[in-house]
$ cat my_file-v1.cif   # mmCIF, C-alpha atoms and all ligand atoms
data_my_file
loop_
_atom_site.label_atom_id
_atom_site.label_comp_id
_atom_site.auth_asym_id
_atom_site.auth_seq_id
_atom_site.Cartn_x
_atom_site.Cartn_y
_atom_site.Cartn_z
CA MET A 30 13.58 -2.44 -20.24
CA SER A 31 10.83 -0.54 -18.40
CA ARG A 32 9.04 2.45 -19.83
CA ILE A 33 8.01 5.33 -17.57
CA LEU A 34 5.83 8.15 -18.83
CA VAL A 35 6.42 11.44 -17.03
CA LEU A 36 3.45 13.83 -16.80
CA PRO A 37 4.46 16.90 -14.76
CA GLY A 38 1.17 18.82 -15.19
CA ASP A 39 0.63 22.26 -13.67
CA GLY A 40 1.54 24.53 -10.74
CA ILE A 41 4.24 22.91 -8.61
CA GLY A 42 3.95 19.71 -10.71
CA PRO A 43 6.98 20.37 -12.93
CA GLU A 44 9.18 21.41 -9.95
CA ILE A 45 8.44 18.36 -7.82
CA VAL A 46 8.64 15.95 -10.76
CA ASP A 47 12.08 17.37 -11.66
CA GLU A 48 13.28 16.42 -8.18
CA ALA A 49 11.84 12.91 -8.47
CA LEU A 50 13.67 12.55 -11.81
CA ARG A 51 16.91 13.64 -10.13
CA VAL A 52 16.38 10.84 -7.61
CA LEU A 53 15.57 8.44 -10.47
CA ASP A 54 18.92 9.33 -12.07
CA ALA A 55 20.70 8.46 -8.85
CA ALA A 56 18.73 5.18 -8.63
CA GLN A 57 19.64 4.29 -12.21
CA ALA A 58 23.32 4.93 -11.54
CA ARG A 59 23.36 2.93 -8.30
CA PHE A 60 21.22 -0.02 -9.38
CA GLY A 61 21.93 -0.08 -13.13
CA LEU A 62 18.22 0.16 -13.99
CA ASP A 63 17.19 -0.12 -17.63
CA ILE A 64 14.55 2.58 -17.95
CA GLU A 65 13.29 4.54 -20.93
CA LEU A 66 11.61 7.85 -20.09
CA ASP A 67 8.91 9.45 -22.16
CA HIS A 68 7.26 12.83 -21.50
CA GLY A 69 3.76 14.14 -22.13
CA LEU A 70 1.29 16.94 -21.51
CA VAL A 71 -1.69 16.69 -19.18
CA GLY A 72 -4.05 19.02 -17.33
CA GLY A 73 -3.93 22.78 -17.84
CA ALA A 74 -0.63 22.58 -19.73
CA ALA A 75 -2.33 20.27 -22.25
CA CYS A 76 -5.42 22.53 -22.41
CA ASP A 77 -3.18 25.46 -23.33
CA ALA A 78 -1.19 23.54 -25.93
CA GLU A 79 -3.88 21.31 -27.45
CA GLY A 80 -7.27 22.38 -26.07
CA ASP A 81 -7.75 19.05 -24.28
CA PRO A 82 -6.63 18.09 -20.72
CA LEU A 83 -5.84 14.55 -21.94
CA PRO A 84 -4.73 14.70 -25.58
CA GLU A 85 -4.89 11.46 -27.60
CA GLY A 86 -1.08 11.48 -27.88
CA THR A 87 -0.69 11.48 -24.09
CA LEU A 88 -3.20 8.64 -23.70
CA GLU A 89 -1.35 6.57 -26.32
CA LYS A 90 1.93 7.10 -24.49
CA ALA A 91 0.24 6.17 -21.20
CA ARG A 92 -1.07 2.94 -22.73
CA ALA A 93 2.43 2.06 -23.95
CA ALA A 94 4.12 2.76 -20.60
CA ASP A 95 4.69 0.34 -17.71
CA ALA A 96 4.16 3.12 -15.21
CA ILE A 97 3.32 6.82 -15.10
CA LEU A 98 4.89 9.39 -12.83
CA PHE A 99 2.40 12.21 -12.43
CA GLY A 100 2.88 15.64 -10.83
CA SER A 101 -0.31 17.58 -10.23
CA ILE A 102 -2.87 19.43 -12.30
CA GLY A 103 -5.19 22.40 -12.13
CA GLY A 104 -5.16 26.04 -11.14
CA PRO A 105 -7.30 29.17 -11.20
CA LYS A 106 -6.33 29.86 -14.81
CA TRP A 107 -8.48 26.94 -16.02
CA ASP A 108 -11.34 27.09 -13.47
CA THR A 109 -13.63 28.95 -15.85
CA LEU A 110 -13.35 26.43 -18.70
CA GLU A 111 -16.41 24.27 -19.40
CA ARG A 112 -16.46 21.21 -17.14
CA ASP A 113 -15.28 18.68 -19.74
CA LYS A 114 -12.23 20.75 -20.64
CA ARG A 115 -11.00 21.32 -17.09
CA PRO A 116 -7.65 19.82 -16.05
CA GLU A 117 -9.24 17.48 -13.44
CA ARG A 118 -11.19 15.75 -16.22
CA GLY A 119 -7.89 14.78 -17.82
CA LEU A 120 -6.84 12.84 -14.72
CA LEU A 121 -10.25 11.16 -14.28
CA ARG A 122 -10.24 10.09 -17.94
CA LEU A 123 -6.69 8.80 -17.66
CA ARG A 124 -7.60 6.68 -14.62
CA SER A 125 -10.73 5.23 -16.21
CA SER A 126 -9.14 4.69 -19.67
CA LEU A 127 -6.36 2.66 -18.08
CA GLY A 128 -8.68 0.72 -15.74
CA LEU A 129 -6.81 1.84 -12.62
CA PHE A 130 -9.19 0.30 -10.11
CA ALA A 131 -6.96 0.01 -7.04
CA ASN A 132 -5.93 3.17 -5.24
CA LEU A 133 -3.16 2.75 -2.68
CA ARG A 134 -2.62 5.49 -0.15
CA PRO A 135 -0.02 4.85 2.49
CA ALA A 136 -0.15 7.04 5.57
CA ILE A 137 3.36 6.99 6.97
CA LEU A 138 4.58 9.26 9.70
CA PHE A 139 8.32 9.47 9.97
CA PRO A 140 9.22 9.74 13.67
CA GLN A 141 11.23 12.88 12.80
CA LEU A 142 7.95 14.63 11.87
CA ALA A 143 5.71 13.38 14.68
CA GLY A 144 5.31 16.94 15.94
CA ALA A 145 3.51 17.94 12.72
CA SER A 146 0.48 15.77 13.50
CA SER A 147 -2.52 17.12 15.37
CA LEU A 148 -2.50 13.89 17.41
CA LYS A 149 -0.14 13.19 20.30
CA PRO A 150 3.29 12.01 19.08
CA GLU A 151 2.98 8.68 20.96
CA VAL A 152 -0.30 7.92 19.13
CA VAL A 153 1.11 8.54 15.64
CA SER A 154 4.90 8.33 15.72
CA GLY A 155 6.05 5.57 13.37
CA LEU A 156 2.57 5.20 11.85
CA ASP A 157 2.62 3.02 8.71
CA ILE A 158 -0.77 2.06 7.33
CA LEU A 159 -1.94 1.40 3.81
CA ILE A 160 -5.43 2.19 2.59
CA VAL A 161 -6.56 0.23 -0.46
CA ARG A 162 -9.55 1.96 -2.01
CA GLU A 163 -11.64 0.65 -4.91
CA LEU A 164 -11.48 3.48 -7.43
CA THR A 165 -13.65 2.74 -10.46
CA GLY A 166 -16.94 1.46 -9.02
CA GLY A 167 -19.39 1.94 -6.17
CA ILE A 168 -21.72 4.84 -5.63
CA TYR A 169 -19.56 7.31 -7.61
CA PHE A 170 -20.30 5.44 -10.83
CA GLY A 171 -23.55 3.49 -10.15
CA GLN A 172 -26.61 3.93 -12.39
CA PRO A 173 -29.29 5.17 -12.19
CA ARG A 174 -28.31 8.53 -10.77
CA GLY A 175 -29.67 12.02 -10.98
CA ILE A 176 -32.12 14.58 -9.65
CA LYS A 177 -35.82 14.29 -10.58
CA GLU A 178 -39.22 15.73 -9.71
CA GLU A 179 -41.44 13.53 -7.61
CA ASN A 180 -44.66 14.51 -5.85
CA GLY A 181 -44.00 18.19 -6.42
CA GLU A 182 -40.47 18.26 -5.02
CA ARG A 183 -36.95 17.45 -6.20
CA VAL A 184 -35.42 14.10 -5.29
CA GLY A 185 -31.72 13.31 -5.64
CA PHE A 186 -30.58 9.70 -6.01
CA ASN A 187 -27.47 7.58 -6.60
CA THR A 188 -26.91 3.86 -6.81
CA TYR A 189 -24.41 2.01 -4.66
CA VAL A 190 -23.46 -1.05 -6.68
CA TYR A 191 -20.55 -3.51 -6.71
CA SER A 192 -20.32 -6.75 -8.63
CA GLU A 193 -18.73 -9.79 -7.06
CA SER A 194 -15.81 -9.64 -9.52
CA GLU A 195 -15.06 -6.02 -8.57
CA MET A 196 -15.06 -6.96 -4.89
CA LYS A 197 -12.86 -9.99 -5.43
CA ARG A 198 -10.17 -8.17 -7.39
CA ILE A 199 -9.77 -5.33 -4.88
CA ALA A 200 -9.73 -7.83 -2.00
CA ARG A 201 -6.94 -9.75 -3.73
CA VAL A 202 -4.89 -6.57 -4.17
CA ALA A 203 -5.24 -5.86 -0.44
CA PHE A 204 -4.29 -9.41 0.54
CA ASP A 205 -1.30 -9.50 -1.81
CA LEU A 206 -0.02 -6.20 -0.45
CA ALA A 207 -0.60 -7.25 3.16
CA MET A 208 1.51 -10.36 2.50
CA GLN A 209 4.44 -7.99 1.86
CA ARG A 210 3.74 -6.08 5.09
CA GLY A 211 2.17 -6.96 8.43
CA LYS A 212 -0.26 -9.62 7.04
CA ARG A 213 -3.29 -7.96 8.63
CA VAL A 214 -6.25 -6.66 6.61
CA CYS A 215 -9.23 -4.76 7.96
CA SER A 216 -12.17 -4.67 5.56
CA VAL A 217 -14.39 -1.65 6.14
CA ASP A 218 -18.11 -1.81 5.38
CA LYS A 219 -21.53 -0.79 6.61
CA ALA A 220 -22.96 -4.30 6.47
CA ASN A 221 -25.46 -3.59 9.24
CA VAL A 222 -27.34 -1.16 6.96
CA LEU A 223 -26.29 -1.56 3.31
CA GLU A 224 -26.86 -4.83 1.43
CA VAL A 225 -24.09 -4.04 -1.05
CA THR A 226 -21.56 -4.03 1.78
CA GLU A 227 -23.13 -7.13 3.34
CA LEU A 228 -22.16 -8.87 0.11
CA TRP A 229 -18.76 -7.11 0.20
CA LYS A 230 -18.08 -8.63 3.63
CA GLU A 231 -19.11 -12.09 2.43
CA VAL A 232 -16.98 -11.92 -0.74
CA VAL A 233 -13.90 -10.56 1.07
CA THR A 234 -14.21 -13.33 3.69
CA GLU A 235 -14.45 -15.92 0.91
CA GLU A 236 -11.38 -14.52 -0.92
CA ALA A 237 -9.36 -14.56 2.30
CA LYS A 238 -9.46 -18.37 2.33
CA ALA A 239 -6.76 -18.32 -0.36
CA TYR A 240 -4.53 -16.39 2.06
CA PRO A 241 -4.29 -18.50 5.21
CA GLU A 242 -1.52 -16.33 6.66
CA ILE A 243 -3.63 -13.17 6.55
CA GLU A 244 -5.47 -12.07 9.66
CA LEU A 245 -8.72 -10.58 8.34
CA SER A 246 -10.99 -8.37 10.43
CA HIS A 247 -14.13 -6.39 9.57
CA MET A 248 -15.14 -2.98 10.83
CA TYR A 249 -18.10 -0.69 10.24
CA VAL A 250 -17.04 2.55 8.59
CA ASP A 251 -18.21 4.76 11.47
CA ASN A 252 -16.08 2.77 13.90
CA ALA A 253 -13.12 2.80 11.47
CA ALA A 254 -13.29 6.61 11.33
CA MET A 255 -13.10 6.68 15.15
CA GLN A 256 -10.33 4.08 15.45
CA LEU A 257 -8.19 5.98 12.94
CA VAL A 258 -7.90 8.89 15.34
CA ARG A 259 -7.98 6.81 18.55
CA ALA A 260 -5.38 4.14 17.78
CA PRO A 261 -4.28 4.35 14.14
CA LYS A 262 -1.23 2.15 14.66
CA ASN A 263 -3.55 -0.84 15.23
CA PHE A 264 -4.18 -0.94 11.46
CA ASP A 265 -1.92 -2.48 8.83
CA VAL A 266 -3.91 -2.61 5.55
CA ILE A 267 -7.45 -1.25 5.24
CA VAL A 268 -9.52 -2.29 2.22
CA THR A 269 -12.76 -0.56 1.35
CA GLY A 270 -15.00 0.77 -1.42
CA ASN A 271 -14.76 4.02 -3.32
CA LEU A 272 -16.86 6.29 -1.08
CA PHE A 273 -15.61 5.10 2.31
CA GLY A 274 -12.05 4.96 0.96
CA ASP A 275 -12.24 8.53 -0.25
CA ILE A 276 -13.12 9.79 3.22
CA LEU A 277 -10.95 7.46 5.31
CA SER A 278 -7.84 8.00 3.18
CA ASP A 279 -8.10 11.77 3.63
CA GLU A 280 -8.58 11.27 7.36
CA ALA A 281 -5.54 8.98 7.53
CA ALA A 282 -3.52 11.41 5.43
CA MET A 283 -4.20 14.20 7.88
CA LEU A 284 -2.90 12.10 10.78
CA THR A 285 0.53 12.66 9.35
CA GLY A 286 0.11 16.42 9.49
CA SER A 287 1.73 17.26 6.18
CA ILE A 288 0.21 16.93 2.75
CA GLY A 289 3.62 17.35 1.14
CA MET A 290 4.72 13.92 2.41
CA LEU A 291 2.00 11.63 1.02
CA PRO A 292 2.45 9.48 -2.07
CA SER A 293 -0.18 7.40 -3.87
CA ALA A 294 -0.54 4.73 -6.53
CA SER A 295 -3.44 3.66 -8.73
CA LEU A 296 -3.02 0.19 -10.24
CA ASP A 297 -4.66 -1.93 -12.92
CA GLU A 298 -4.99 -5.74 -12.98
CA ASN A 299 -1.40 -6.16 -14.20
CA ARG A 300 0.17 -3.76 -11.73
CA LYS A 301 0.66 -1.06 -14.28
CA GLY A 302 0.22 2.11 -12.28
CA LEU A 303 -0.11 5.85 -12.08
CA TYR A 304 1.95 7.32 -9.25
CA GLU A 305 1.30 10.80 -7.89
CA PRO A 306 1.48 12.84 -4.70
CA CYS A 307 -1.82 13.17 -2.82
CA HIS A 308 -1.70 16.95 -2.93
CA GLY A 309 -2.79 19.29 -5.72
CA SER A 310 -0.89 21.81 -7.82
CA ALA A 311 -0.51 24.37 -5.01
CA PRO A 312 -0.74 27.46 -7.26
CA ASP A 313 -0.12 29.66 -4.20
CA ILE A 314 3.50 28.52 -3.95
CA ALA A 315 4.27 27.48 -7.55
CA GLY A 316 7.59 28.63 -9.00
CA GLN A 317 9.02 29.79 -5.67
CA GLY A 318 11.08 26.76 -4.67
CA LEU A 319 8.81 26.25 -1.66
CA ALA A 320 7.13 22.96 -2.65
CA ASN A 321 8.00 19.80 -0.78
CA PRO A 322 9.08 17.21 -3.37
CA LEU A 323 9.08 14.25 -0.94
CA ALA A 324 5.54 13.02 -1.75
CA THR A 325 6.53 12.76 -5.41
CA ILE A 326 9.88 11.15 -4.57
CA MET A 327 8.05 8.58 -2.43
CA SER A 328 5.55 8.06 -5.27
CA LEU A 329 8.59 7.12 -7.36
CA ALA A 330 9.52 4.61 -4.63
CA MET A 331 6.02 3.09 -4.90
CA LEU A 332 6.45 2.93 -8.69
CA MET A 333 9.64 0.92 -8.19
CA ARG A 334 7.96 -1.40 -5.70
CA TYR A 335 4.64 -2.12 -7.41
CA SER A 336 5.06 -1.65 -11.19
CA LEU A 337 8.76 -2.40 -11.63
CA GLN A 338 8.92 -5.08 -8.91
CA ARG A 339 12.03 -3.43 -7.46
CA GLY A 340 11.30 -3.39 -3.75
CA ASP A 341 15.05 -3.04 -3.13
CA VAL A 342 15.18 0.27 -5.03
CA ALA A 343 12.00 1.47 -3.29
CA ASP A 344 13.50 0.65 0.13
CA ALA A 345 16.69 2.54 -0.79
CA ILE A 346 14.75 5.65 -1.89
CA GLU A 347 12.71 5.63 1.32
CA ALA A 348 15.87 5.16 3.38
CA ALA A 349 17.42 8.15 1.58
CA VAL A 350 14.39 10.29 2.47
CA GLU A 351 14.66 9.22 6.09
CA LYS A 352 18.40 9.99 6.15
CA VAL A 353 17.78 13.51 4.86
CA LEU A 354 15.08 14.08 7.50
CA ASP A 355 17.54 12.78 10.11
CA GLN A 356 20.03 15.38 8.89
CA GLY A 357 17.44 18.00 9.81
CA LEU A 358 16.60 19.22 6.30
CA ARG A 359 13.03 20.50 5.94
CA THR A 360 11.05 22.31 3.25
CA ALA A 361 8.94 25.23 4.50
CA ASP A 362 5.77 23.14 5.03
CA ILE A 363 7.46 20.81 7.55
CA HIS A 364 9.98 23.25 8.97
CA THR A 365 10.18 23.59 12.76
CA GLU A 366 12.59 25.37 15.05
CA GLY A 367 16.01 23.74 15.18
CA THR A 368 15.80 22.27 11.68
CA ARG A 369 17.29 23.67 8.44
CA LYS A 370 14.88 25.17 5.94
CA VAL A 371 15.71 24.16 2.37
CA SER A 372 14.21 24.76 -1.09
CA THR A 373 12.52 22.22 -3.35
CA GLY A 374 15.75 21.76 -5.31
CA GLU A 375 17.98 21.45 -2.24
CA MET A 376 15.69 18.77 -0.80
CA GLY A 377 15.68 16.79 -4.07
CA ALA A 378 19.46 17.07 -4.39
CA ALA A 379 19.97 15.92 -0.80
CA VAL A 380 17.80 12.81 -1.32
CA ALA A 381 19.57 12.01 -4.60
CA GLU A 382 22.95 12.34 -2.88
CA ALA A 383 21.87 10.18 0.07
CA LEU A 384 20.64 7.54 -2.39
CA ALA A 385 23.86 7.67 -4.44
CA ASN A 386 25.99 7.23 -1.31
CA GLY A 387 23.84 4.29 -0.20
P1 LIG A 401 -3.42 21.77 -2.89
O1 LIG A 401 -3.12 20.40 -2.41
O2 LIG A 401 -2.84 22.15 -4.20
O3 LIG A 401 -2.93 22.84 -1.80
C1 LIG A 401 -3.43 22.91 -0.49
C2 LIG A 401 -2.41 23.61 0.42
O4 LIG A 401 -1.30 22.72 0.63
C3 LIG A 401 -1.82 24.88 -0.21
O5 LIG A 401 -1.60 25.83 0.79
C4 LIG A 401 -0.51 24.44 -0.80
O6 LIG A 401 0.46 25.46 -0.87
C5 LIG A 401 -0.09 23.34 0.16
N1 LIG A 401 0.70 22.29 -0.53
C6 LIG A 401 0.22 21.37 -1.40
N2 LIG A 401 1.22 20.60 -1.84
C7 LIG A 401 2.35 21.04 -1.25
C8 LIG A 401 3.71 20.65 -1.30
N3 LIG A 401 4.14 19.64 -2.07
N4 LIG A 401 4.59 21.34 -0.55
C9 LIG A 401 4.21 22.34 0.23
N5 LIG A 401 2.93 22.76 0.34
C10 LIG A 401 2.01 22.12 -0.40
O7 LIG A 401 -5.01 21.90 -2.92
P2 LIG A 401 -5.93 23.11 -3.46
O8 LIG A 401 -5.29 24.42 -3.13
O9 LIG A 401 -7.26 22.79 -2.96
O10 LIG A 401 -5.96 22.92 -5.04
C11 LIG A 401 -5.11 23.63 -5.95
C12 LIG A 401 -5.34 23.05 -7.34
O11 LIG A 401 -4.92 21.69 -7.37
C13 LIG A 401 -6.80 23.08 -7.77
O12 LIG A 401 -6.85 23.46 -9.12
C14 LIG A 401 -7.24 21.64 -7.61
O13 LIG A 401 -8.28 21.28 -8.49
C15 LIG A 401 -5.98 20.90 -7.94
N6 LIG A 401 -5.86 19.54 -7.39
C16 LIG A 401 -5.22 18.62 -8.17
C17 LIG A 401 -5.02 17.33 -7.69
C18 LIG A 401 -4.27 16.36 -8.55
O14 LIG A 401 -3.52 16.79 -9.42
N7 LIG A 401 -4.42 15.08 -8.34
C19 LIG A 401 -5.47 16.98 -6.41
C20 LIG A 401 -6.09 17.96 -5.62
C21 LIG A 401 -6.28 19.25 -6.11
#
$ encode --input "my_file-v1.cif" --output "structure tokens"
Amino acid sequence: MSRILVLPGDGIGPEIVDEALRVLDAAQARFGLDIELDHGLVGGAACDAEGDPLPEGTLEKARAADAILFGSIGGPKWDTLERDKRPERGLLRLRSSLGLFANLRPAILFPQLAGASSLKPEVVSGLDILIVRELTGGIYFGQPRGIKEENGERVGFNTYVYSESEMKRIARVAFDLAMQRGKRVCSVDKANVLEVTELWKEVVTEEAKAYPEIELSHMYVDNAAMQLVRAPKNFDVIVTGNLFGDILSDEAAMLTGSIGMLPSASLDENRKGLYEPCHGSAPDIAGQGLANPLATIMSLAMLMRYSLQRGDVADAIEAAVEKVLDQGLRTADIHTEGTRKVSTGEMGAAVAEALANG
């Protein structure tokens, strides 16, 4: 039996998670999955109910689960709370408490949506790349850090630090994932300037020896940023540190043109994971049936693939999404002339039906 904790959160979170659960029902019926669902509060909803964006009870449930399906958190209602009580803190604490060090962000562009990208359709159509970003180390966490007075002026400083073990484990995640895909990994660094990434390059190269089938390449981050818009389909898996990964994964996400289509996973050493759409809680459209649930539905597919080891179920969910796009169904954010505009619920129901009918 597998345990999934469901954390809908705020804004459009509950609406899009409901649709993913509808698809999960269809998956359970078709594949006979043995899954126990638990539910919890996080973000603003948890602040309102318990005065804490990550209540102890939610963290305990998260520790006991094999995987977490997360909606989105935040909204103007909670923006004036003191920093530690804001919804975003709940998510950051959840990630660090569970040791979710590997952030996976696929950038996939279904050919049916190639027109939504700002790049020419022939450059992006059929794009399928995976960015593996180290999530719990690097310059975002390095000590010392701060702002101090020096020689009569203020000086800001951060520390970019990675231990060999942190580099090895993220490299292994990238290699393992690449083995299930195109077997090509591009490690992104700035080894010409930063010693920490010089070591990164050395360690990644060393780790690659255990994966003779993998074709490993290295690229400086400035060049990677250019290549992502010039010829993104040349990449298969990109592995990089926290800072570069933050920027490159947003750049790659935008190649696809629609934030409502992008899933993500954050994994620990044992492949337990938190799965969530890349977008936020979209308070501007919450409660109106306008939200695109596909990023959350595809996050569920990633959950099946990486935490539950059910690549077959993941493939079937993704095929169902593609079938529905082929049928011309579109939520407002991806709607174009000649396609049929549907609500959040209609989109979820259509994917569930396509999955049930196999
Ligand atoms: P956002 O991603 O919520 O919204 C940006 C724009 O994209 C909005 O116009 C929104 O309507 C649209 N959009 C987002 N998701 C969509 C979907 N599924 N379907 C259709 N349209 C969609 O970003 P924001 O407006 O900068 O932030 C809103 C709130 O979300 C803030 O409180 C922010 O802190 C929070 N946030 C949370 C997360 C998270 O939960 N991981 C991530 C980013 C932002």
$ closest_residue --input "my_file-v1.cif" --among "A:Arg334, A:Arg115, A:Lys90, A:Lys262" --to "ligand LIG 401 (chain A)" --atoms "all atoms listed in the file"
A:Arg115
$ closest_residue --input "my_file-v1.cif" --among "A:Val225, A:Val202, A:Met290, A:Ile137" --to "ligand LIG 401 (chain A)" --atoms "only C-alpha atoms and all ligand atoms"
A:Met290
$ residues_near_ligand --input "my_file-v1.cif" --ligand "ligand LIG 401 (chain A)" --cutoff "6 Å" --atoms "only C-alpha atoms and all ligand atoms" --output "PyMOL selection string"
chain A and resi 101-104+288-289+308-314+320-322+362
$ residues_around --input "my_file-v1.cif" --residues "Ala131 of chain A" --least-positions-apart "4" --cutoff "12 Å" --atoms "only C-alpha atoms" --output "ChimeraX atom specification"
/A:124-125,127,160-166,195-203,206,268-271,274,293-304,335
$ atom_distance --input "my_file-v1.cif" --atom1 "atom CA of Leu123 of chain A" --atom2 "atom CA of Ile276 of chain A"
21.9 Å
$ residues_near_point --input "my_file-v1.cif" --point "(2.6, 10.9, 3.5)" --cutoff "12 Å" --atoms "only C-alpha atoms" --output "number ranges by chain"
A: 133-139, 142-143, 145-146, 155-160, 278-293, 305-308, 321-328, 331, 347, 350, 363
$ residues_around --input "my_file-v1.cif" --residues "segment 177-191 of chain A" --least-positions-apart "6" --cutoff "9 Å" --atoms "only C-alpha atoms" --output "PDB file with C-alpha atoms, in the coordinates of the input"
ATOM      1  CA  GLY A 166     -16.940   1.460  -9.020  1.00  0.00           C
ATOM      2  CA  GLY A 167     -19.390   1.940  -6.170  1.00  0.00           C
ATOM      3  CA  ILE A 168     -21.720   4.840  -5.630  1.00  0.00           C
ATOM      4  CA  TYR A 169     -19.560   7.310  -7.610  1.00  0.00           C
ATOM      5  CA  PHE A 170     -20.300   5.440 -10.830  1.00  0.00           C
ATOM      6  CA  GLY A 171     -23.550   3.490 -10.150  1.00  0.00           C
ATOM      7  CA  LEU A 223     -26.290  -1.560   3.310  1.00  0.00           C
ATOM      8  CA  VAL A 225     -24.090  -4.040  -1.050  1.00  0.00           C
ATOM      9  CA  THR A 226     -21.560  -4.030   1.780  1.00  0.00           C
ATOM     10  CA  LEU A 228     -22.160  -8.870   0.110  1.00  0.00           C
ATOM     11  CA  TRP A 229     -18.760  -7.110   0.200  1.00  0.00           C
ATOM     12  CA  GLY A 270     -15.000   0.770  -1.420  1.00  0.00           C
TER      13      GLY A 270
END
$ axis_aligned_box --input "my_file-v1.cif" --around "segment 167-180 of chain A" --padding-each-side "4 Å" --output "AutoDock Vina command-line options"
--center_x -32.0 --center_y 8.8 --center_z -9.0 --size_x 33.3 --size_y 21.8 --size_z 14.8
$ atom_distance --input "my_file-v1.cif" --atom1 "atom CA of Pro105 of chain A" --atom2 "atom CA of Leu34 of chain A"
25.9 Å
$ residues_near_point --input "my_file-v1.cif" --point "(19.7, 9.8, -0.9)" --cutoff "10 Å" --atoms "only C-alpha atoms" --output "list in words"
Val52, Ala55, Ala56, Ala345, Ile346, Glu347, Ala348, Ala349, Val350, Glu351, Lys352, Val353, Met376, Gly377, Ala378, Ala379, Val380, Ala381, Glu382, Ala383, Leu384, Ala385, Asn386 and Gly387 of chain A
$ atom_distance --input "my_file-v1.cif" --atom1 "atom CA of Pro261 of chain A" --atom2 "atom CA of Leu148 of chain A"
10.2 Å
$ closest_residue --input "my_file-v1.cif" --among "A:Cys76, A:Phe60, A:Asp47, A:Ile33" --to "Asp341 of chain A" --atoms "only C-alpha atoms"
A:Phe60
$ closest_residue --input "my_file-v1.cif" --among "A:Met30, A:Ala207, A:Leu329, A:Ile97" --to "Asp54 of chain A" --atoms "only C-alpha atoms"
A:Leu329
$ closest_residue --input "my_file-v1.cif" --among "A:Gly119, A:Gly69, A:Arg59, A:Arg51" --to "Leu83 of chain A" --atoms "only C-alpha atoms"
A:Gly119
$ closest_residue --input "my_file-v1.cif" --among "A:Ala253, A:Ile41, A:Ser126, A:Lys370" --to "Glu85 of chain A" --atoms "only C-alpha atoms"
A:Ser126
$ residues_around --input "my_file-v1.cif" --residues "Pro43 of chain A" --least-positions-apart "2" --cutoff "10 Å" --atoms "all atoms listed in the file" --output "PyMOL selection string"
chain A and resi 35-41+45-49+99-102+310+315-316
